[in-house]
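Colleague: After the structure tokens below, expect a handful of questions from me.
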Amino acid sequence: MSKLTDLDRVRLRWRGRRGMLENDLIITRYLDAYEADLDDEDVAVLTQLFELSDNDLFDLLLARSEPEGDLDTPRMHKVLGLMRAL
């Protein structure tokens, strides 16, 4: 369980930038709150989320839908729960 370097943090924030402002705001709040405690598994989950379309990501963040298939993991539910609570 390695912690993020400063460069990793910058890259993660850059990858988290979205075309949809609402997604940007939620992701930024999550990173502001939890970035210092993220481990490799958290980064892997975030990477999966960042690969989704803006609309699919927004639906997950607002609990309009739940993770399915490869996204349906305990860590994904934990990260989404934290994002939804912000």
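Quick note on naming: the chains in the structure tokens go A, B, ... in the order shown, residues restart at 1 in each chain, and ligands are numbered from 1 in order of appearance.
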Apply DSSP to the backbone of this structure and, from range 5-73 of chain A, keep only the residues in helix (DSSP H, G or I); write these as a PyMOL selection string.
Modeller: chain A and resi 6-15+21-37+40-50+54-61+69-71
Colleague: Using only C-alpha atoms, which protein or nucleic acid residues come within 10 Å of Asp42 in chain A? Drop anything in the same chain fewer than 2 positions from it, and give the result as a ChimeraX atom specification.
Modeller: /A:1,35,37-40,44-48,75-76,78-79
Colleague: Looking at A:Glu66, A:Gly81, A:Leu57, A:Leu71, which one is nearest to Met20 in chain A, with distances taken over only C-alpha atoms?
Modeller: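 The shortest atom-to-atom distance to Met20 in chain A comes from A:Leu57.
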Colleague: To one decimal in Å, tell me the separation between CA of Glu22 in chain A and CA of Leu7 in chain A.
Modeller: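 Taking CA of Glu22 in chain A and CA of Leu7 in chain A, their separation equals 25.0 Å.
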Colleague: Which residue out of A:Pro67, A:Arg9, A:Arg18, A:Leu62 has the minimum interatomic distance to Tyr34 in chain A when only C-alpha atoms are used?
Modeller: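 Once distances to Tyr34 in chain A are computed over only C-alpha atoms, the minimum belongs to A:Arg9.
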Colleague: Give me, please, the distance in Å between CA of Ala63 in chain A and CA of Leu86 in chain A, quoted to one decimal.
Modeller: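 The value is 12.9 Å.
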Colleague: For range 23-28 of chain A, find every residue with an atom within 9 Å (counting only C-alpha atoms), except residues of its own chain fewer than 4 positions away, and show them as a ChimeraX atom specification.
Modeller: /A:13,16-19,32-33,54,57-58,61,83-84,86
Colleague: What does the distance from CA of Arg11 in chain A to CA of Val43 in chain A come to in Å, to one decimal?
Modeller: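 Taking CA of Arg11 in chain A and CA of Val43 in chain A, their separation equals 10.8 Å.
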